[in-house]
Amino acid sequence: MLDKPASVGDLLEKIRVTNLVPSVLKMKDGEDVLQKIASRVIEDQESDKKSMETWEKFLEAGRKLQIQELEPKSEPFDKAANFKSPVMLEASLKFGDRASSTLLKPRDLVKYDVVGKDHDQEKMHRGERVSTHMSFQLNYEQPTWREDHDSLLYMLPSDGAVFKFSYFDVGLGHNTSEVIRWPDFSVNQANTSMETCRSFTIQREYTKSMVLAKQREGIWQEYEDEEIGTETQAEESEESESDEKFFIQQMFYDLDEDGYEEPYLVTVHEKTSKVMRIVARFEEDNIMVKSPNGTVLPLDEVLQGADNLGMNVSGDAAKDMKNSRLSQVSLVRINPINCITEYSFIPGALIPFEKEGSFLGIGYVHLLAGLTQAINSTSNTILNAGKLASTPGGFLAKGFRKATGALKYSVGHFIPTLMSPGELQNAVKEFDFKDASQSFYLFNEKMNAEVQRLSASADLTDAIGANAPATTMMGMVQEQLMPVSAITMRIYRSMKKEFIKLAELNRKYTDPAVYKDLVGEDEEEGQEQPEVTEGQEVAQPEKKEYSYIEDYGMKGLDVMPAANPEMTSQVQSLMQSSSVMALSQQILSTGGNPIPVMKRHLQDLGVDYVDKIYPNDEQNPDPQLEAMREAQKTEQDLAQAQTELYGEQVKNEKKKTAIAAAKAKAEIKKIISETILNVEKAETEEVKNQISKYSAQMESLLALIDAEQGGEESQ
């Protein structure tokens, strides 16, 4: 039950305020409210930390296994083997190498996708401007973004869960994405997603000078009665500055006491439990209200409607009209802005941790810790057994007359004693240590094979044949890299979420001058200037200035990483481009453009001067491409002409053959006629019978000629 009706206008006053702590202190019992907020932050942080205990134990044990040791063990004997297998470290390095070369390879890190129809290409142009601006930000405004994200790709396979904290840094004046790694975060394992997470706490340590700078900028609250970065404390500190720990928490708190908890980002000093900063995690479009007719809609649409009604009204009248519209709506809910992006290696549900939940992802330290311990144990057993078996030693009898201490000897020298041969033989008893059992070697090999299989560290050399076709090899490599591709795709989706958060920050905080200078102004390209007479004014082409607010409204657009997550290796990418290169002639003959295919193939080969080879802008007609198309067309026309000429030649040959056959037929008929005439003159029966026989044969021959001639004519 609400204590009082929710005031939507009060929520508007909290939006984009750098720090709400001063306004809270002006409230009645403001200090008590801040103390309650600080207590809530610390309690939630401790509760969330407790839910992570089992997950943290695996992580701590796994990190210890990754650290290589230089000193030998003292057990089971002095200077015993202390081998630690690097399998987990090797698996993390291999995955990091592949993921980094795949996801961070493009020069322009951000690309766009058009959602829905785009008849006038307006969405495409907006997407090009957005991708250009965001790529500039990641490469230049945040010069450490690539390095930080590269480090994340090597941390993630080991830890299983790493986070990114994206926000607009008021002091620096641009967006920032910080990498948050354990143990610098705490989150409840019972959560299901970051979008519905009740609390997420970041632990940060700042020097006193950094704290003082934030206070001077007005970002953090300054308390005169507490020594938290005060000027006096900074001046009196002569030794090296010690770090102060702070909790930065995404939380919910009912600050206006209306019964509904609003989302905030709160910073608390751990030592003094003082609230340093409170920032609202919502804007007008995150506040859902109910209109008088029962429709639920975002508050920004209500405000936009009020602005449209009061276009011709200004001053107090416009303000009253706006307040009147706000008084007619009631708060339904607030969709919180999430500043945290989760990067998960493998979903934690694969290994549920008792009743704690499985929100956090798992990495190689969770999957391979037990196998690595087994490998270390058997390896050290084999090494110790080999050392004992190959190092001489034993027992000396009581009567052995030689200086006490270790017996040192050198090759080719004999050590003299005062004992007889028989006494010497009985006085020394050598240790009978045996080498390690063969089962240890077999078990060790099996464990290493299991680690290789689970870590998806595929050996591509086994998948590449000597004479296999490119498409076959590409399929085999893709099958080998399927586990890596699945994880890379998961990271790709997290990067997309991070880019969407940065795009939303750009909608609020982008400098219009910087945006305009970067994306420029649009003019009608290729428009011919009209001929004018002397004294006539020339109409200048209309220029359109772009609004970053309109572009970053993201209507009909989507942003994502420019990398292809399916190409998780250079070999795989090269095979694909080689397969497409084989189709270049077919692409050209069907009206396509083979130049991008060649560019991609050269890039996969490692050529870094592709732009010099193809310097022309793809938006302008490429003379090389036009020449290739003209040559292709000329070749096709020549081939068609040759085909037609050959057809004519065939027809002429058939005509000649038909004429020759007709002449032969006429000659045969003439011979038959003469023969019949001679038969009539003959008087003997024998001659008549012989002539009849020849006549029948000649008729058969004529029928055969007619059949052959008819077949040729039909062909």
# chains A, B, ... in the order shown; residues from 1 in each chain; ligands from 1
>>> residues_around(residues="segment 187-189 of chain A", least_positions_apart="2", cutoff="9 Å", atoms="only C-alpha atoms", output="NGL selection string")
:A and (44-45 or 47-52 or 185 or 191-192 or 197-201 or 356-360)
>>> closest_atom_pairs(of="segment 277-341 of chain A", to="segment 508-511 of chain A", cutoff="12 Å", atoms="only C-alpha atoms", output="JSON lines")
{"residue": "A:Phe282", "atom": "CA", "partner": "A:Lys508", "partner_atom": "CA", "distance": 11.9}
{"residue": "A:Glu283", "atom": "CA", "partner": "A:Lys508", "partner_atom": "CA", "distance": 9.8}
{"residue": "A:Glu284", "atom": "CA", "partner": "A:Lys508", "partner_atom": "CA", "distance": 11.5}
{"residue": "A:Asp285", "atom": "CA", "partner": "A:Lys508", "partner_atom": "CA", "distance": 12.0}
>>> write_last_selection(atoms="C-alpha atoms", output="JSON list (two decimals), in the first residue's frame")
[["chain", "number", "residue", "atom", "x", "y", "z"],
["A", 282, "PHE", "CA", 16.42, 6.12, -14.95],
["A", 283, "GLU", "CA", 15.33, 8.68, -17.54],
["A", 284, "GLU", "CA", 12.02, 9.86, -18.96],
["A", 285, "ASP", "CA", 11.69, 6.88, -21.29]]
>>> select_by_dssp(residues="segment 156-298 of chain A", states="strand (DSSP E)", output="PDB file with N, CA and C atoms, in the first residue's frame")
ATOM      1  N   ALA A 161      33.862 -15.526 -15.105  1.00  0.00           N
ATOM      2  CA  ALA A 161      32.934 -14.395 -15.060  1.00  0.00           C
ATOM      3  C   ALA A 161      33.725 -13.109 -14.863  1.00  0.00           C
ATOM      4  N   VAL A 162      33.583 -12.181 -15.806  1.00  0.00           N
ATOM      5  CA  VAL A 162      34.185 -10.847 -15.727  1.00  0.00           C
ATOM      6  C   VAL A 162      33.095  -9.859 -16.153  1.00  0.00           C
ATOM      7  N   PHE A 163      33.134  -8.654 -15.599  1.00  0.00           N
ATOM      8  CA  PHE A 163      32.089  -7.670 -15.863  1.00  0.00           C
ATOM      9  C   PHE A 163      32.698  -6.386 -16.405  1.00  0.00           C
ATOM     10  N   LYS A 164      31.845  -5.606 -17.082  1.00  0.00           N
ATOM     11  CA  LYS A 164      32.213  -4.284 -17.574  1.00  0.00           C
ATOM     12  C   LYS A 164      31.261  -3.254 -16.953  1.00  0.00           C
ATOM     13  N   PHE A 165      31.814  -2.167 -16.428  1.00  0.00           N
ATOM     14  CA  PHE A 165      31.049  -1.073 -15.841  1.00  0.00           C
ATOM     15  C   PHE A 165      31.112   0.104 -16.802  1.00  0.00           C
ATOM     16  N   SER A 166      29.992   0.386 -17.488  1.00  0.00           N
ATOM     17  CA  SER A 166      29.946   1.432 -18.515  1.00  0.00           C
ATOM     18  C   SER A 166      29.192   2.642 -17.973  1.00  0.00           C
ATOM     19  N   TYR A 167      29.825   3.810 -18.053  1.00  0.00           N
ATOM     20  CA  TYR A 167      29.199   5.027 -17.552  1.00  0.00           C
ATOM     21  C   TYR A 167      29.853   6.232 -18.217  1.00  0.00           C
ATOM     22  N   PHE A 168      29.202   7.380 -18.067  1.00  0.00           N
ATOM     23  CA  PHE A 168      29.754   8.628 -18.575  1.00  0.00           C
ATOM     24  C   PHE A 168      30.574   9.272 -17.460  1.00  0.00           C
ATOM     25  N   ASP A 169      31.870   9.429 -17.700  1.00  0.00           N
ATOM     26  CA  ASP A 169      32.767  10.009 -16.707  1.00  0.00           C
ATOM     27  C   ASP A 169      32.683  11.532 -16.804  1.00  0.00           C
ATOM     28  N   HIS A 174      33.832  11.897 -21.243  1.00  0.00           N
ATOM     29  CA  HIS A 174      33.496  10.900 -22.263  1.00  0.00           C
ATOM     30  C   HIS A 174      33.118   9.590 -21.586  1.00  0.00           C
ATOM     31  N   ASN A 175      32.616   8.661 -22.391  1.00  0.00           N
ATOM     32  CA  ASN A 175      32.204   7.356 -21.875  1.00  0.00           C
ATOM     33  C   ASN A 175      33.411   6.554 -21.410  1.00  0.00           C
ATOM     34  N   THR A 176      33.156   5.660 -20.462  1.00  0.00           N
ATOM     35  CA  THR A 176      34.199   4.799 -19.928  1.00  0.00           C
ATOM     36  C   THR A 176      33.613   3.419 -19.673  1.00  0.00           C
ATOM     37  N   SER A 177      34.389   2.401 -19.993  1.00  0.00           N
ATOM     38  CA  SER A 177      34.022   1.015 -19.681  1.00  0.00           C
ATOM     39  C   SER A 177      35.158   0.388 -18.891  1.00  0.00           C
ATOM     40  N   GLU A 178      34.924   0.147 -17.610  1.00  0.00           N
ATOM     41  CA  GLU A 178      35.950  -0.420 -16.737  1.00  0.00           C
ATOM     42  C   GLU A 178      35.755  -1.924 -16.611  1.00  0.00           C
ATOM     43  N   VAL A 179      36.863  -2.664 -16.584  1.00  0.00           N
ATOM     44  CA  VAL A 179      36.830  -4.105 -16.382  1.00  0.00           C
ATOM     45  C   VAL A 179      36.733  -4.386 -14.886  1.00  0.00           C
ATOM     46  N   ILE A 180      35.762  -5.213 -14.496  1.00  0.00           N
ATOM     47  CA  ILE A 180      35.554  -5.584 -13.096  1.00  0.00           C
ATOM     48  C   ILE A 180      35.819  -7.078 -12.970  1.00  0.00           C
ATOM     49  N   PHE A 185      34.121  -7.538  -7.112  1.00  0.00           N
ATOM     50  CA  PHE A 185      32.675  -7.434  -7.281  1.00  0.00           C
ATOM     51  C   PHE A 185      31.995  -8.445  -6.368  1.00  0.00           C
ATOM     52  N   SER A 186      30.730  -8.203  -6.123  1.00  0.00           N
ATOM     53  CA  SER A 186      29.898  -9.146  -5.384  1.00  0.00           C
ATOM     54  C   SER A 186      28.489  -9.076  -5.945  1.00  0.00           C
ATOM     55  N   VAL A 187      27.898 -10.254  -6.188  1.00  0.00           N
ATOM     56  CA  VAL A 187      26.556 -10.355  -6.739  1.00  0.00           C
ATOM     57  C   VAL A 187      25.944 -11.635  -6.202  1.00  0.00           C
ATOM     58  N   PHE A 200      24.274  -5.145  -7.309  1.00  0.00           N
ATOM     59  CA  PHE A 200      25.592  -5.524  -7.815  1.00  0.00           C
ATOM     60  C   PHE A 200      26.583  -4.498  -7.277  1.00  0.00           C
ATOM     61  N   THR A 201      27.600  -4.979  -6.570  1.00  0.00           N
ATOM     62  CA  THR A 201      28.524  -4.091  -5.875  1.00  0.00           C
ATOM     63  C   THR A 201      29.916  -4.189  -6.478  1.00  0.00           C
ATOM     64  N   ILE A 202      30.494  -3.040  -6.745  1.00  0.00           N
ATOM     65  CA  ILE A 202      31.870  -2.941  -7.233  1.00  0.00           C
ATOM     66  C   ILE A 202      32.736  -2.405  -6.101  1.00  0.00           C
ATOM     67  N   GLN A 203      33.858  -3.044  -5.861  1.00  0.00           N
ATOM     68  CA  GLN A 203      34.804  -2.573  -4.848  1.00  0.00           C
ATOM     69  C   GLN A 203      35.948  -1.861  -5.553  1.00  0.00           C
ATOM     70  N   ARG A 204      36.156  -0.608  -5.179  1.00  0.00           N
ATOM     71  CA  ARG A 204      37.201   0.194  -5.795  1.00  0.00           C
ATOM     72  C   ARG A 204      38.044   0.856  -4.711  1.00  0.00           C
ATOM     73  N   GLU A 205      39.338   0.943  -4.993  1.00  0.00           N
ATOM     74  CA  GLU A 205      40.261   1.635  -4.090  1.00  0.00           C
ATOM     75  C   GLU A 205      40.804   2.870  -4.791  1.00  0.00           C
ATOM     76  N   TYR A 206      40.696   4.019  -4.120  1.00  0.00           N
ATOM     77  CA  TYR A 206      41.159   5.291  -4.663  1.00  0.00           C
ATOM     78  C   TYR A 206      42.130   5.929  -3.675  1.00  0.00           C
ATOM     79  N   GLU A 244      41.905   4.210  -0.220  1.00  0.00           N
ATOM     80  CA  GLU A 244      40.632   4.156   0.487  1.00  0.00           C
ATOM     81  C   GLU A 244      39.691   3.258  -0.307  1.00  0.00           C
ATOM     82  N   LYS A 245      38.961   2.364   0.382  1.00  0.00           N
ATOM     83  CA  LYS A 245      38.061   1.434  -0.286  1.00  0.00           C
ATOM     84  C   LYS A 245      36.647   2.003  -0.314  1.00  0.00           C
ATOM     85  N   PHE A 246      36.002   1.852  -1.486  1.00  0.00           N
ATOM     86  CA  PHE A 246      34.641   2.344  -1.670  1.00  0.00           C
ATOM     87  C   PHE A 246      33.804   1.241  -2.319  1.00  0.00           C
ATOM     88  N   PHE A 247      32.518   1.252  -2.001  1.00  0.00           N
ATOM     89  CA  PHE A 247      31.549   0.358  -2.615  1.00  0.00           C
ATOM     90  C   PHE A 247      30.688   1.165  -3.582  1.00  0.00           C
ATOM     91  N   ILE A 248      30.629   0.736  -4.846  1.00  0.00           N
ATOM     92  CA  ILE A 248      29.755   1.346  -5.852  1.00  0.00           C
ATOM     93  C   ILE A 248      28.698   0.303  -6.186  1.00  0.00           C
ATOM     94  N   GLN A 249      27.462   0.588  -5.815  1.00  0.00           N
ATOM     95  CA  GLN A 249      26.420  -0.436  -5.891  1.00  0.00           C
ATOM     96  C   GLN A 249      25.222   0.025  -6.716  1.00  0.00           C
ATOM     97  N   GLN A 250      24.785  -0.880  -7.625  1.00  0.00           N
ATOM     98  CA  GLN A 250      23.482  -0.727  -8.263  1.00  0.00           C
ATOM     99  C   GLN A 250      22.441  -1.271  -7.292  1.00  0.00           C
ATOM    100  N   MET A 251      21.500  -0.426  -6.882  1.00  0.00           N
ATOM    101  CA  MET A 251      20.556  -0.829  -5.847  1.00  0.00           C
ATOM    102  C   MET A 251      19.203  -0.172  -6.104  1.00  0.00           C
ATOM    103  N   PHE A 252      18.243  -0.500  -5.238  1.00  0.00           N
ATOM    104  CA  PHE A 252      16.909   0.089  -5.254  1.00  0.00           C
ATOM    105  C   PHE A 252      16.615   0.633  -3.860  1.00  0.00           C
ATOM    106  N   TYR A 253      16.058   1.831  -3.820  1.00  0.00           N
ATOM    107  CA  TYR A 253      15.724   2.441  -2.529  1.00  0.00           C
ATOM    108  C   TYR A 253      14.572   3.421  -2.727  1.00  0.00           C
ATOM    109  N   GLU A 262      13.031   3.159  -6.152  1.00  0.00           N
ATOM    110  CA  GLU A 262      13.596   3.615  -7.409  1.00  0.00           C
ATOM    111  C   GLU A 262      15.020   3.078  -7.561  1.00  0.00           C
ATOM    112  N   PRO A 263      15.470   2.887  -8.792  1.00  0.00           N
ATOM    113  CA  PRO A 263      16.841   2.395  -9.006  1.00  0.00           C
ATOM    114  C   PRO A 263      17.871   3.525  -8.936  1.00  0.00           C
ATOM    115  N   TYR A 264      18.947   3.278  -8.203  1.00  0.00           N
ATOM    116  CA  TYR A 264      20.007   4.278  -8.040  1.00  0.00           C
ATOM    117  C   TYR A 264      21.370   3.594  -8.135  1.00  0.00           C
ATOM    118  N   LEU A 265      22.379   4.418  -8.369  1.00  0.00           N
ATOM    119  CA  LEU A 265      23.780   4.002  -8.296  1.00  0.00           C
ATOM    120  C   LEU A 265      24.401   4.765  -7.140  1.00  0.00           C
ATOM    121  N   VAL A 266      24.819   4.040  -6.087  1.00  0.00           N
ATOM    122  CA  VAL A 266      25.246   4.654  -4.828  1.00  0.00           C
ATOM    123  C   VAL A 266      26.706   4.307  -4.564  1.00  0.00           C
ATOM    124  N   THR A 267      27.479   5.299  -4.124  1.00  0.00           N
ATOM    125  CA  THR A 267      28.878   5.110  -3.748  1.00  0.00           C
ATOM    126  C   THR A 267      29.019   5.357  -2.251  1.00  0.00           C
ATOM    127  N   VAL A 268      29.620   4.387  -1.531  1.00  0.00           N
ATOM    128  CA  VAL A 268      29.742   4.451  -0.070  1.00  0.00           C
ATOM    129  C   VAL A 268      31.193   4.215   0.322  1.00  0.00           C
ATOM    130  N   HIS A 269      31.686   5.023   1.266  1.00  0.00           N
ATOM    131  CA  HIS A 269      33.021   4.825   1.830  1.00  0.00           C
ATOM    132  C   HIS A 269      32.954   3.726   2.879  1.00  0.00           C
ATOM    133  N   LYS A 274      29.964   6.471   4.871  1.00  0.00           N
ATOM    134  CA  LYS A 274      29.409   7.719   4.374  1.00  0.00           C
ATOM    135  C   LYS A 274      29.048   7.567   2.893  1.00  0.00           C
ATOM    136  N   VAL A 275      27.851   8.069   2.551  1.00  0.00           N
ATOM    137  CA  VAL A 275      27.413   8.037   1.157  1.00  0.00           C
ATOM    138  C   VAL A 275      28.081   9.183   0.415  1.00  0.00           C
ATOM    139  N   MET A 276      28.877   8.852  -0.580  1.00  0.00           N
ATOM    140  CA  MET A 276      29.616   9.858  -1.328  1.00  0.00           C
ATOM    141  C   MET A 276      28.842  10.367  -2.544  1.00  0.00           C
ATOM    142  N   ARG A 277      28.001   9.488  -3.105  1.00  0.00           N
ATOM    143  CA  ARG A 277      27.298   9.898  -4.323  1.00  0.00           C
ATOM    144  C   ARG A 277      26.050   9.044  -4.524  1.00  0.00           C
ATOM    145  N   ILE A 278      25.005   9.653  -5.048  1.00  0.00           N
ATOM    146  CA  ILE A 278      23.779   8.960  -5.452  1.00  0.00           C
ATOM    147  C   ILE A 278      23.398   9.482  -6.838  1.00  0.00           C
ATOM    148  N   VAL A 279      23.198   8.566  -7.785  1.00  0.00           N
ATOM    149  CA  VAL A 279      22.826   8.926  -9.151  1.00  0.00           C
ATOM    150  C   VAL A 279      21.612   8.096  -9.546  1.00  0.00           C
ATOM    151  N   ALA A 280      20.615   8.737 -10.153  1.00  0.00           N
ATOM    152  CA  ALA A 280      19.422   8.025 -10.610  1.00  0.00           C
ATOM    153  C   ALA A 280      19.747   7.152 -11.808  1.00  0.00           C
ATOM    154  N   ILE A 287      10.524   5.611 -17.278  1.00  0.00           N
ATOM    155  CA  ILE A 287       9.414   5.752 -16.328  1.00  0.00           C
ATOM    156  C   ILE A 287       8.119   5.428 -17.065  1.00  0.00           C
ATOM    157  N   MET A 288       7.449   4.354 -16.666  1.00  0.00           N
ATOM    158  CA  MET A 288       6.187   3.949 -17.267  1.00  0.00           C
ATOM    159  C   MET A 288       5.045   4.479 -16.409  1.00  0.00           C
ATOM    160  N   VAL A 289       4.118   5.202 -17.059  1.00  0.00           N
ATOM    161  CA  VAL A 289       2.999   5.820 -16.338  1.00  0.00           C
ATOM    162  C   VAL A 289       1.687   5.379 -16.986  1.00  0.00           C
ATOM    163  N   LYS A 290       0.616   5.557 -16.222  1.00  0.00           N
ATOM    164  CA  LYS A 290      -0.719   5.229 -16.706  1.00  0.00           C
ATOM    165  C   LYS A 290      -1.490   6.523 -16.945  1.00  0.00           C
ATOM    166  N   VAL A 296      -0.842   2.431 -20.629  1.00  0.00           N
ATOM    167  CA  VAL A 296       0.499   2.500 -20.030  1.00  0.00           C
ATOM    168  C   VAL A 296       1.486   2.886 -21.121  1.00  0.00           C
ATOM    169  N   LEU A 297       2.228   3.962 -20.898  1.00  0.00           N
ATOM    170  CA  LEU A 297       3.167   4.460 -21.898  1.00  0.00           C
ATOM    171  C   LEU A 297       4.347   5.123 -21.203  1.00  0.00           C
ATOM    172  N   PRO A 298       5.484   5.281 -21.910  1.00  0.00           N
ATOM    173  CA  PRO A 298       6.641   5.945 -21.309  1.00  0.00           C
ATOM    174  C   PRO A 298       6.352   7.421 -21.043  1.00  0.00           C
TER     175      PRO A 298
END
>>> atom_distance(atom1="atom CA of Ser437 of chain A", atom2="atom CA of Ile382 of chain A")
8.2 Å
>>> select_by_dssp(residues="segment 134-241 of chain A", states="alpha helix (DSSP H)", output="PDB file with C-alpha atoms, in the first residue's frame")
ATOM      1  CA  MET A 134      31.374   4.816 -31.788  1.00  0.00           C
ATOM      2  CA  SER A 135      34.459   3.300 -33.433  1.00  0.00           C
ATOM      3  CA  PHE A 136      36.185   6.665 -33.020  1.00  0.00           C
ATOM      4  CA  TRP A 145      39.549   0.173 -24.345  1.00  0.00           C
ATOM      5  CA  ARG A 146      41.266  -2.288 -26.685  1.00  0.00           C
ATOM      6  CA  GLU A 147      43.952  -3.140 -24.127  1.00  0.00           C
ATOM      7  CA  ASP A 148      41.397  -3.533 -21.344  1.00  0.00           C
ATOM      8  CA  HIS A 149      39.142  -5.729 -23.452  1.00  0.00           C
ATOM      9  CA  ASP A 150      42.124  -7.760 -24.601  1.00  0.00           C
ATOM     10  CA  SER A 151      42.982  -8.410 -20.942  1.00  0.00           C
ATOM     11  CA  LEU A 152      39.363  -9.405 -20.306  1.00  0.00           C
ATOM     12  CA  LEU A 153      39.570 -12.066 -23.023  1.00  0.00           C
ATOM     13  CA  TYR A 154      42.510 -13.665 -21.213  1.00  0.00           C
ATOM     14  CA  MET A 155      40.935 -13.342 -17.737  1.00  0.00           C
ATOM     15  CA  LEU A 156      37.564 -14.766 -18.752  1.00  0.00           C
ATOM     16  CA  PRO A 157      38.564 -18.362 -19.615  1.00  0.00           C
ATOM     17  CA  SER A 158      40.321 -18.629 -16.277  1.00  0.00           C
ATOM     18  CA  ASP A 159      37.812 -16.966 -13.941  1.00  0.00           C
ATOM     19  CA  LYS A 208      43.290  10.379  -1.244  1.00  0.00           C
ATOM     20  CA  SER A 209      44.254  12.641  -4.133  1.00  0.00           C
ATOM     21  CA  MET A 210      41.761  10.915  -6.429  1.00  0.00           C
ATOM     22  CA  VAL A 211      39.041  11.257  -3.790  1.00  0.00           C
ATOM     23  CA  LEU A 212      39.871  14.917  -3.333  1.00  0.00           C
ATOM     24  CA  ALA A 213      39.696  15.488  -7.104  1.00  0.00           C
ATOM     25  CA  LYS A 214      36.220  13.952  -7.277  1.00  0.00           C
ATOM     26  CA  GLN A 215      35.073  16.134  -4.404  1.00  0.00           C
ATOM     27  CA  ARG A 216      36.419  19.279  -6.035  1.00  0.00           C
ATOM     28  CA  GLU A 231      42.461  18.965   1.789  1.00  0.00           C
ATOM     29  CA  THR A 232      43.882  18.995   5.310  1.00  0.00           C
ATOM     30  CA  GLN A 233      44.409  15.266   5.231  1.00  0.00           C
ATOM     31  CA  ALA A 234      46.042  15.443   1.786  1.00  0.00           C
ATOM     32  CA  GLU A 235      48.414  18.187   2.938  1.00  0.00           C
ATOM     33  CA  GLU A 236      49.385  16.372   6.137  1.00  0.00           C
TER      34      GLU A 236
END
>>> atom_distance(atom1="atom CA of Arg107 of chain A", atom2="atom CA of Ser131 of chain A")
11.7 Å
>>> residues_around(residues="Ser494 of chain A", least_positions_apart="3", cutoff="12 Å", atoms="only C-alpha atoms", output="list in words")
Leu103, His149, Leu153, Ala161, Val162, Phe163, Lys164, Met194, Ile340, Thr341, Glu342, Tyr343, Ser344, Phe345, Ile487, Thr488, Met489, Arg490, Ile491, Lys497, Glu498, Phe499, Ile500, Lys501, Met560, Pro561 and Pro565 of chain A
>>> write_last_selection(atoms="C-alpha atoms", output="PDB file, in the first residue's frame")
ATOM      1  CA  LEU A 103      36.941  -9.992 -31.863  1.00  0.00           C
ATOM      2  CA  HIS A 149      39.142  -5.729 -23.452  1.00  0.00           C
ATOM      3  CA  LEU A 153      39.570 -12.066 -23.023  1.00  0.00           C
ATOM      4  CA  ALA A 161      32.934 -14.395 -15.060  1.00  0.00           C
ATOM      5  CA  VAL A 162      34.185 -10.847 -15.727  1.00  0.00           C
ATOM      6  CA  PHE A 163      32.089  -7.670 -15.863  1.00  0.00           C
ATOM      7  CA  LYS A 164      32.213  -4.284 -17.574  1.00  0.00           C
ATOM      8  CA  MET A 194      21.729  -8.620 -14.834  1.00  0.00           C
ATOM      9  CA  ILE A 340      26.897  -3.578 -15.804  1.00  0.00           C
ATOM     10  CA  THR A 341      27.587  -5.999 -18.662  1.00  0.00           C
ATOM     11  CA  GLU A 342      28.209  -9.628 -17.780  1.00  0.00           C
ATOM     12  CA  TYR A 343      30.834 -11.605 -19.691  1.00  0.00           C
ATOM     13  CA  SER A 344      30.360 -15.309 -19.018  1.00  0.00           C
ATOM     14  CA  PHE A 345      32.678 -18.063 -20.247  1.00  0.00           C
ATOM     15  CA  ILE A 487      32.038 -19.417 -26.351  1.00  0.00           C
ATOM     16  CA  THR A 488      33.214 -16.692 -28.733  1.00  0.00           C
ATOM     17  CA  MET A 489      29.619 -16.140 -29.834  1.00  0.00           C
ATOM     18  CA  ARG A 490      28.625 -15.750 -26.162  1.00  0.00           C
ATOM     19  CA  ILE A 491      31.304 -13.080 -25.717  1.00  0.00           C
ATOM     20  CA  LYS A 497      25.110  -5.424 -24.969  1.00  0.00           C
ATOM     21  CA  GLU A 498      28.035  -3.228 -23.937  1.00  0.00           C
ATOM     22  CA  PHE A 499      27.896  -1.311 -27.233  1.00  0.00           C
ATOM     23  CA  ILE A 500      24.157  -0.767 -26.783  1.00  0.00           C
ATOM     24  CA  LYS A 501      24.835   0.730 -23.341  1.00  0.00           C
ATOM     25  CA  MET A 560      27.030  -4.799 -32.785  1.00  0.00           C
ATOM     26  CA  PRO A 561      30.728  -5.726 -32.972  1.00  0.00           C
ATOM     27  CA  PRO A 565      32.526 -14.523 -34.230  1.00  0.00           C
TER      28      PRO A 565
END
>>> atom_distance(atom1="atom CA of Pro72 of chain A", atom2="atom CA of Thr391 of chain A")
16.7 Å
>>> closest_residue(among="A:Ser455, A:Gln649, A:Thr272, A:Asn593", to="Ser39 of chain A", atoms="only C-alpha atoms")
A:Thr272
>>> residues_around(residues="Val114 of chain A", least_positions_apart="4", cutoff="8 Å", atoms="only C-alpha atoms", output="list of chain:residue names")
A:Asp118, A:Lys123, A:Met124, A:Gly127, A:Gly556, A:Leu557, A:Asp558
>>> closest_residue(among="A:Arg281, A:Lys387, A:His125, A:His133", to="Pro336 of chain A", atoms="only C-alpha atoms")
A:Arg281
